[in-house]
Each structure stands twice: as C-alpha cells, then as structure tokens.
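query_37.txt, holding compact mmCIF, C-alpha atoms and all ligand atoms:
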# COMPACT_ATOMS: atom_id res chain seq x y z
CA MET A 461 142.08 64.73 227.72
CA ASN A 462 145.75 63.91 227.86
CA LEU A 463 147.27 66.13 230.51
CA ALA A 464 151.01 65.82 230.47
CA SER A 465 152.27 65.59 233.99
CA PRO A 466 155.51 67.25 235.03
CA LYS A 467 158.60 65.19 234.47
CA THR A 468 160.64 64.99 237.60
CA GLU A 469 164.10 63.55 237.46
CA PRO A 470 165.38 60.76 239.67
CA LYS A 471 167.88 62.12 242.18
CA GLN A 472 171.00 60.66 240.53
CA LYS A 473 170.24 62.50 237.28
CA LEU A 474 169.44 65.83 238.91
CA LEU A 475 172.96 67.24 238.56
CA LYS A 476 172.81 66.57 234.83
CA ASN A 477 169.51 68.38 234.49
CA LYS A 478 170.34 71.81 233.01
CA THR A 479 167.09 73.49 234.04
CA PHE A 480 167.57 72.27 237.62
CA LEU A 481 171.09 73.76 237.72
CA ILE A 482 170.05 77.06 236.12
CA GLU A 483 166.96 77.37 238.36
CA THR A 484 168.97 76.59 241.50
CA LEU A 485 171.62 79.17 240.56
CA TYR A 486 168.87 81.69 239.72
CA LEU A 487 167.27 81.24 243.16
CA ILE A 488 170.65 81.63 244.90
CA ILE A 489 171.27 84.86 242.94
CA ILE A 490 167.81 86.13 243.99
CA VAL A 491 168.58 85.47 247.68
CA ILE A 492 171.96 87.27 247.39
CA MET A 493 170.40 90.19 245.50
CA THR A 494 167.62 90.52 248.10
CA ILE A 495 170.18 90.61 250.93
CA LEU A 496 172.31 93.20 249.07
CA ILE A 497 169.28 95.49 248.59
CA PHE A 498 168.18 94.95 252.19
CA ALA A 499 171.69 95.84 253.43
CA ASP A 500 171.70 98.99 251.22
CA PHE A 501 174.49 97.85 248.91
CA ILE A 502 172.09 98.21 245.97
CA ASP A 503 169.75 101.20 245.74
CA THR A 504 166.23 100.66 244.38
CA GLY A 505 164.71 103.80 245.93
CA PHE A 506 165.38 106.23 243.04
CA PHE A 507 162.53 107.70 241.03
CA LEU A 508 161.63 106.53 237.55
CA GLY A 509 158.85 108.83 236.38
CA PRO A 510 156.10 109.09 239.00
CA LEU A 511 157.13 106.06 241.07
CA ARG A 512 160.23 104.66 242.71
CA PHE A 513 162.11 101.91 240.86
CA SER A 514 161.30 99.47 243.69
CA HIS A 515 157.57 99.99 243.09
CA TRP A 516 157.82 99.56 239.31
CA VAL A 517 159.53 96.18 239.69
CA GLY A 518 156.91 95.09 242.27
CA ILE A 519 154.09 96.09 239.93
CA ILE A 520 155.63 94.35 236.88
CA GLY A 521 156.33 91.15 238.86
CA ALA A 522 152.84 91.09 240.39
CA VAL A 523 151.11 91.75 237.04
CA PHE A 524 153.02 88.87 235.42
CA ILE A 525 152.08 86.52 238.28
CA GLY A 526 148.44 87.63 238.25
CA LEU A 527 148.07 87.16 234.49
CA PHE A 528 150.26 84.16 233.73
CA ALA A 529 148.90 81.88 236.50
CA PRO A 530 145.41 81.53 234.95
CA LEU A 531 146.90 81.67 231.43
CA PHE A 532 149.19 78.71 232.18
CA TYR A 533 146.24 76.78 233.62
CA TYR A 534 144.31 77.37 230.39
CA LEU A 535 147.14 76.92 227.85
CA LYS A 536 148.36 73.68 229.47
CA ARG A 537 144.94 72.11 228.87
CA ARG A 538 144.31 73.73 225.48
CA TYR A 539 147.75 72.86 224.01
CA PRO A 540 149.00 69.74 225.86
CA LYS A 541 151.69 69.13 223.20
CA GLN A 542 153.30 72.47 224.07
CA TYR A 543 153.69 71.41 227.70
CA LYS A 544 157.49 71.52 227.73
CA ILE A 545 157.72 75.10 226.54
CA LEU A 546 154.84 76.17 228.80
CA ILE A 547 156.38 74.69 231.94
CA ASN A 548 159.72 76.32 231.12
CA ILE A 549 158.01 79.71 230.74
CA HIS A 550 156.21 78.91 234.00
CA ILE A 551 159.41 78.14 235.90
CA PHE A 552 161.65 80.89 234.53
CA GLY A 553 158.88 83.47 234.10
CA PHE A 554 157.65 83.09 237.67
CA THR A 555 161.21 82.98 239.00
CA THR A 556 161.91 86.28 237.22
CA ALA A 557 158.69 87.68 238.71
CA PHE A 558 159.96 86.47 242.10
CA LEU A 559 163.23 88.35 241.47
CA LEU A 560 161.24 91.53 240.76
CA VAL A 561 158.94 91.24 243.81
CA SER A 562 161.98 90.38 245.96
CA MET A 563 163.58 93.67 244.82
CA HIS A 564 160.37 95.52 245.76
CA PHE A 565 160.18 93.69 249.10
CA ALA A 566 163.84 94.32 250.04
CA GLY A 567 163.55 97.93 248.84
CA GLN A 568 160.65 98.46 251.27
CA LEU A 569 162.41 96.76 254.17
CA SER A 570 165.56 98.84 253.68
CA ARG A 571 163.77 102.19 253.95
CA PRO A 572 165.14 104.60 256.61
CA LEU A 573 163.50 104.20 260.02
CA GLN A 574 161.68 107.53 259.90
CA PHE A 575 159.97 106.48 256.63
CA TYR A 576 159.53 102.81 257.49
CA PRO A 577 156.35 101.24 256.02
CA ASP A 578 153.71 99.56 258.17
CA LEU A 579 154.46 95.92 257.56
CA GLY A 580 151.25 94.02 256.89
CA ALA A 581 149.65 92.72 253.73
CA GLY A 582 152.89 93.16 251.72
CA LEU A 583 154.88 91.05 254.14
CA ALA A 584 152.20 88.32 254.11
CA LEU A 585 152.19 88.50 250.32
CA TYR A 586 155.93 87.99 250.11
CA ILE A 587 155.76 84.97 252.41
CA ILE A 588 153.01 83.46 250.21
CA VAL A 589 154.97 84.07 246.98
CA ALA A 590 158.14 82.61 248.53
CA ILE A 591 156.31 79.44 249.65
CA ILE A 592 154.73 79.08 246.18
CA VAL A 593 158.17 79.34 244.56
CA VAL A 594 159.84 76.92 246.99
CA THR A 595 157.06 74.33 246.75
CA GLY A 596 157.07 74.63 242.92
CA TYR A 597 160.82 73.98 242.96
CA LEU A 598 160.53 71.04 245.38
CA PHE A 599 157.66 69.53 243.43
CA ARG A 600 159.36 69.92 240.05
CA TYR A 601 162.85 68.65 240.97
CA ARG A 602 162.33 66.70 244.23
CA PRO A 603 165.93 67.33 245.37
CA PHE A 604 165.33 65.80 248.82
CA LYS A 605 163.42 62.71 247.79
CA SER A 606 163.94 60.08 250.44
CA LYS A 607 163.19 56.38 250.55
CA LYS A 608 160.90 56.96 253.52
CA GLY A 609 158.98 59.48 251.44
CA ILE A 610 159.42 62.35 253.93
CA MET A 611 159.20 64.97 251.19
CA LYS A 612 155.90 63.86 249.75
CA PRO A 613 155.68 65.52 246.30
CA HIS A 614 151.92 65.84 246.48
CA PHE A 615 152.17 67.83 249.68
CA ASN A 616 154.28 70.40 247.81
CA ARG A 617 151.91 70.39 244.84
CA ALA A 618 148.87 70.84 247.10
CA LEU A 619 150.53 73.75 248.93
CA HIS A 620 151.76 75.28 245.65
CA ILE A 621 148.28 75.38 244.16
CA SER A 622 146.19 76.05 247.25
CA LEU A 623 148.20 79.15 248.17
CA ILE A 624 147.39 80.80 244.85
CA SER A 625 143.95 81.97 246.03
CA GLY A 626 145.69 83.55 249.05
CA LEU A 627 148.07 85.27 246.64
CA TYR A 628 145.17 86.97 244.83
CA ILE A 629 143.26 87.90 248.00
CA VAL A 630 146.25 89.35 249.87
CA GLY A 631 147.59 90.91 246.64
CA ILE A 632 144.35 92.80 246.04
CA VAL A 633 144.27 93.94 249.70
CA HIS A 634 147.89 95.15 249.42
CA VAL A 635 147.21 97.19 246.26
CA LEU A 636 143.97 98.63 247.69
CA LEU A 637 145.65 99.59 250.97
CA ASN A 638 148.57 101.32 249.28
CA PHE A 639 146.90 103.02 246.36
CA PHE A 640 143.23 103.56 247.03
CA LEU A 641 142.49 103.57 250.77
C1 LIG A 701 153.86 89.94 245.13
C2 LIG A 701 153.88 91.23 245.06
C3 LIG A 701 154.24 92.20 246.17
C4 LIG A 701 154.90 92.01 247.36
C5 LIG A 701 155.49 90.72 247.92
C6 LIG A 701 154.94 93.30 248.04
C7 LIG A 701 155.55 93.52 249.28
C8 LIG A 701 155.54 94.73 249.96
C9 LIG A 701 155.99 94.94 251.31
C10 LIG A 701 156.59 93.88 252.23
C11 LIG A 701 155.80 96.24 251.62
C12 LIG A 701 156.04 96.91 253.00
C13 LIG A 701 154.69 97.23 253.65
C14 LIG A 701 153.79 96.05 253.87
O1 LIG A 701 154.21 95.05 254.48
O2 LIG A 701 152.62 96.11 253.45
C15 LIG A 701 155.25 96.89 250.45
C16 LIG A 701 154.94 98.20 250.36
C17 LIG A 701 154.39 98.80 249.27
N1 LIG A 701 153.95 98.17 248.12
FE1 LIG A 701 154.14 96.20 247.69
N2 LIG A 701 154.32 94.23 247.26
C18 LIG A 701 153.88 93.60 246.12
C19 LIG A 701 153.19 94.16 245.07
C20 LIG A 701 152.86 95.50 244.99
C21 LIG A 701 152.11 96.10 243.92
C22 LIG A 701 151.53 95.34 242.72
C23 LIG A 701 152.02 97.40 244.20
C24 LIG A 701 151.35 98.49 243.45
C25 LIG A 701 150.28 98.41 242.74
C26 LIG A 701 152.70 97.66 245.45
C27 LIG A 701 152.83 98.87 246.06
C28 LIG A 701 153.39 99.10 247.28
C29 LIG A 701 153.50 100.42 247.91
C30 LIG A 701 153.01 101.75 247.33
C31 LIG A 701 154.14 100.23 249.15
C32 LIG A 701 154.56 101.31 250.16
C33 LIG A 701 153.66 101.36 251.34
C34 LIG A 701 154.06 102.43 252.32
O3 LIG A 701 154.77 103.37 251.96
O4 LIG A 701 153.67 102.30 253.49
N3 LIG A 701 153.20 96.46 245.90
N4 LIG A 701 155.08 95.94 249.47
C1 LIG A 702 154.48 83.02 241.91
C2 LIG A 702 154.93 81.95 241.34
C3 LIG A 702 154.10 80.81 240.81
C4 LIG A 702 152.74 80.73 240.56
C5 LIG A 702 151.68 81.80 240.73
C6 LIG A 702 152.47 79.39 240.08
C7 LIG A 702 151.24 78.93 239.69
C8 LIG A 702 150.94 77.62 239.35
C9 LIG A 702 149.64 77.11 238.97
C10 LIG A 702 148.37 77.97 238.83
C11 LIG A 702 149.75 75.80 238.75
C12 LIG A 702 148.61 74.82 238.44
C13 LIG A 702 148.61 74.48 237.00
C14 LIG A 702 147.55 73.45 236.68
O1 LIG A 702 147.05 72.70 237.53
O2 LIG A 702 147.26 73.40 235.54
C15 LIG A 702 151.14 75.45 238.98
C16 LIG A 702 151.68 74.19 238.84
C17 LIG A 702 153.02 73.92 238.88
N1 LIG A 702 154.05 74.80 239.18
FE1 LIG A 702 153.85 76.72 239.61
N2 LIG A 702 153.66 78.69 240.05
C18 LIG A 702 154.67 79.52 240.47
C19 LIG A 702 156.01 79.23 240.55
C20 LIG A 702 156.59 78.03 240.22
C21 LIG A 702 157.99 77.73 240.23
C22 LIG A 702 159.09 78.74 240.55
C23 LIG A 702 158.12 76.42 239.86
C24 LIG A 702 159.35 75.57 239.69
C25 LIG A 702 160.58 75.92 239.97
C26 LIG A 702 156.79 75.91 239.63
C27 LIG A 702 156.50 74.61 239.27
C28 LIG A 702 155.24 74.11 239.07
C29 LIG A 702 154.97 72.74 238.71
C30 LIG A 702 156.02 71.64 238.51
C31 LIG A 702 153.58 72.62 238.59
C32 LIG A 702 152.79 71.39 238.20
C33 LIG A 702 152.55 71.53 236.73
C34 LIG A 702 151.55 70.58 236.19
O3 LIG A 702 150.77 69.98 236.92
O4 LIG A 702 151.54 70.44 234.97
N3 LIG A 702 155.88 76.91 239.85
N4 LIG A 702 151.83 76.57 239.34

Let me see whether you can do it: turn the structure in this file into structure tokens.
Ligand code: HEM
Ligand code: HEM
Amino acid sequence: MNLASPKTEPKQKLLKNKTFLIETLYLIIIVIMTILIFADFIDTGFFLGPLRFSHWVGIIGAVFIGLFAPLFYYLKRRYPKQYKILINIHIFGFTTAFLLVSMHFAGQLSRPLQFYPDLGAGLALYIIVAIIVVTGYLFRYRPFKSKKGIMKPHFNRALHISLISGLYIVGIVHVLLNFFL
C-alpha cells in the first residue's frame, strides 16, 4: 500500500510555506488567548444552557480529538490520494480543538480561590495534549533542524503517536471523575 509520508520543508523554504506561517500564528494566538483567559481579561465562566461556556468548549474540543484521531488513521490508509486534504484537516482541526481545550483549561485555572478545582487528571490531560500538538508541529515543519540532528524528527513522531493512548486513558478518567463519580 502506498502510504504518503508527510512532506516536510527544508529550513530555507519554511518562511515561504503558507501553512507553516498560518499554523505558527495560530499557535501564538492560542497562547495569548489562554493567558488572557487565565488573567481574567476574557470571561468563559458564563452559563450557556445547563453548562458553563468553558465546559462546552472543552467537550467540543475533546470530542473532535477523540473521534478524528482514529478517523484520520483510517482515512489516510483508505484514501492515500486525499492525503494533502486529510493532513490539513488534521493540522488545523486539531489546532482548533487545542484552542477549545485551552479555553476550557484556562477557564478552570482562573476560577476564584474559594471555588478552585482539584487539579489532577485535567491538568495531566492538558500537558499531554500540548505535547502532542508541539511534537506534531515539530515533526511536520522541523523548524529547528540542525546538521548534528539534535531535533531528530522520529523522536517527535514517536512521542506524538505514543502519547495518544495516554490521551484516551486520562481523558476517560477526567470525564468519569467530573461527571459520574
Ligand atoms: C483535552 C480535554 C480536556 C482538558 C485538557 C481538560 C482540563 C481540565 C482541567 C485542567 C480542569 C481542572 C481540574 C483538573 O485538573 O482535573 C478541568 C476541570 C473540569 N473539566 Fe476538563 N478538560 C478536558 C475535557 C473535558 C471534558 C470532555 C469534560 C466533560 C465531559 C470536562 C469537564 C470538566 C469539569 C466538569 C471540570 C470541573 C471540575 C471541578 O469543578 O472540580 N473536561 N478540566
Ligand atoms: C490533539 C491533537 C492531535 C492528535 C490527537 C493527533 C493524532 C495523530 C495520529 C493518530 C497520527 C498517526 C497517523 C497515522 O499513523 O496514520 C498523527 C500523525 C501526525 N500528526 Fe498528529 N495529532 C494531533 C495534532 C497534530 C498537530 C497540531 C500537527 C501539526 C501541526 C500534527 C501533525 C502530524 C503529522 C505530521 C503526523 C504524521 C502523519 C503521517 O504519518 O502521515 N498533529 N497524529
């Protein structure tokens, strides 16, 4: 089976790569947005129906991640000619999911002290998602490729993929702890 492998650009062409520039800007905006929510400049604690806005965005982001990860794995092998569109949905879809879970995360961390959550599975989950996003970015674009090979791309790929089982396990524990136990 012909599995298209990701095209990574040589360093000198990186600044001409539109998806690299958009993705980098997107990640910077996510970091700024997360800090603004954390510092209470943006409110995500208002109610939307039965739940707070910050929970809705967490749920939507997590559902997308949980469903699209296996779907991408399947579609990439089933439709190898559609690889380009699939990897773009992968990158920008998961980055949008990261934006949503970052809003949920920062919304939780900015709660008033008397209502502060017990940090646990959710915090671990956020660290896992963040590492998956960063390693995906480093593997795809290799911005720090060095002649000595310090940033070994396969290290990032291995981490990116191996952490996904942790994502499901900790994710399920987080949902069970907060909704059912
Ligand atoms: C990748 C996805 C998610 C991340 C990174 C995340 C992160 C967090 C964090 C850091 C907290 C603070 C408490 C803790 O550390 O456990 C939290 C609390 C919470 N999360 Fe999530 N979460 C995610 C998905 C979800 C989903 C899918 C749901 C609902 C089904 C959910 C519901 C809640 C609730 C209800 C709380 C409040 C707990 C309390 O009041 O003590 N989260 N989340
Ligand atoms: C929560 C977020 C993410 C999840 C759950 C996730 C999941 C996955 C999975 C399951 C694969 C393995 C696909 C396979 O072997 O067929 C993969 C590969 C990959 N991911 Fe992600 N990913 C995420 C975010 C990202 C981001 C943000 C980027 C880039 C900016 C990225 C770039 C890549 C690349 C380049 C590959 C290799 C693709 C290939 O071998 O064809 N990922 N990811």

## Note on the structure
As a check of understanding: the span from CA of Ala557 (chain A) to CA of Ile495 (chain A) is 17.0 Å

### Task
Counting only C-alpha atoms, figure out which residue out of A:Gly526, A:Gly631, A:Gly509, A:Gly521 gets nearest to Met563 (chain A).
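Checking each candidate against Met563 (chain A), we get A:Gly521 as the closest.
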
### Task
Within 10 Å of region 531-536 of chain A, counting only C-alpha atoms, which residues show up once you throw out same-chain ones fewer than 2 positions away? Write them as a PyMOL selection string, please.
chain A and resi 463-464+525-529+538-547+549-550

### Residue nearest ligand LIG 701 (chain A) - candidates A:Leu619, A:Leu579, A:Ile587, A:Leu598, atoms counted: only C-alpha atoms and all ligand atoms
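Checking each candidate against ligand LIG 701 (chain A), we get A:Leu579 as the closest.
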
Dump the neighbourhood of ligand LIG 702 (chain A) as a CSV table (one decimal) with C-alpha atoms, in the frame of the given file: all residues within 7 Å, distances computed on all atoms listed in the file.
chain,number,residue,atom,x,y,z
A,464,ALA,CA,151.0,65.8,230.5
A,465,SER,CA,152.3,65.6,234.0
A,466,PRO,CA,155.5,67.2,235.0
A,483,GLU,CA,167.0,77.4,238.4
A,525,ILE,CA,152.1,86.5,238.3
A,529,ALA,CA,148.9,81.9,236.5
A,530,PRO,CA,145.4,81.5,235.0
A,532,PHE,CA,149.2,78.7,232.2
A,533,TYR,CA,146.2,76.8,233.6
A,536,LYS,CA,148.4,73.7,229.5
A,547,ILE,CA,156.4,74.7,231.9
A,550,HIS,CA,156.2,78.9,234.0
A,551,ILE,CA,159.4,78.1,235.9
A,552,PHE,CA,161.6,80.9,234.5
A,554,PHE,CA,157.6,83.1,237.7
A,555,THR,CA,161.2,83.0,239.0
A,558,PHE,CA,160.0,86.5,242.1
A,589,VAL,CA,155.0,84.1,247.0
A,592,ILE,CA,154.7,79.1,246.2
A,593,VAL,CA,158.2,79.3,244.6
A,594,VAL,CA,159.8,76.9,247.0
A,596,GLY,CA,157.1,74.6,242.9
A,597,TYR,CA,160.8,74.0,243.0
A,599,PHE,CA,157.7,69.5,243.4
A,600,ARG,CA,159.4,69.9,240.0
A,617,ARG,CA,151.9,70.4,244.8
A,620,HIS,CA,151.8,75.3,245.6
A,621,ILE,CA,148.3,75.4,244.2
A,624,ILE,CA,147.4,80.8,244.8
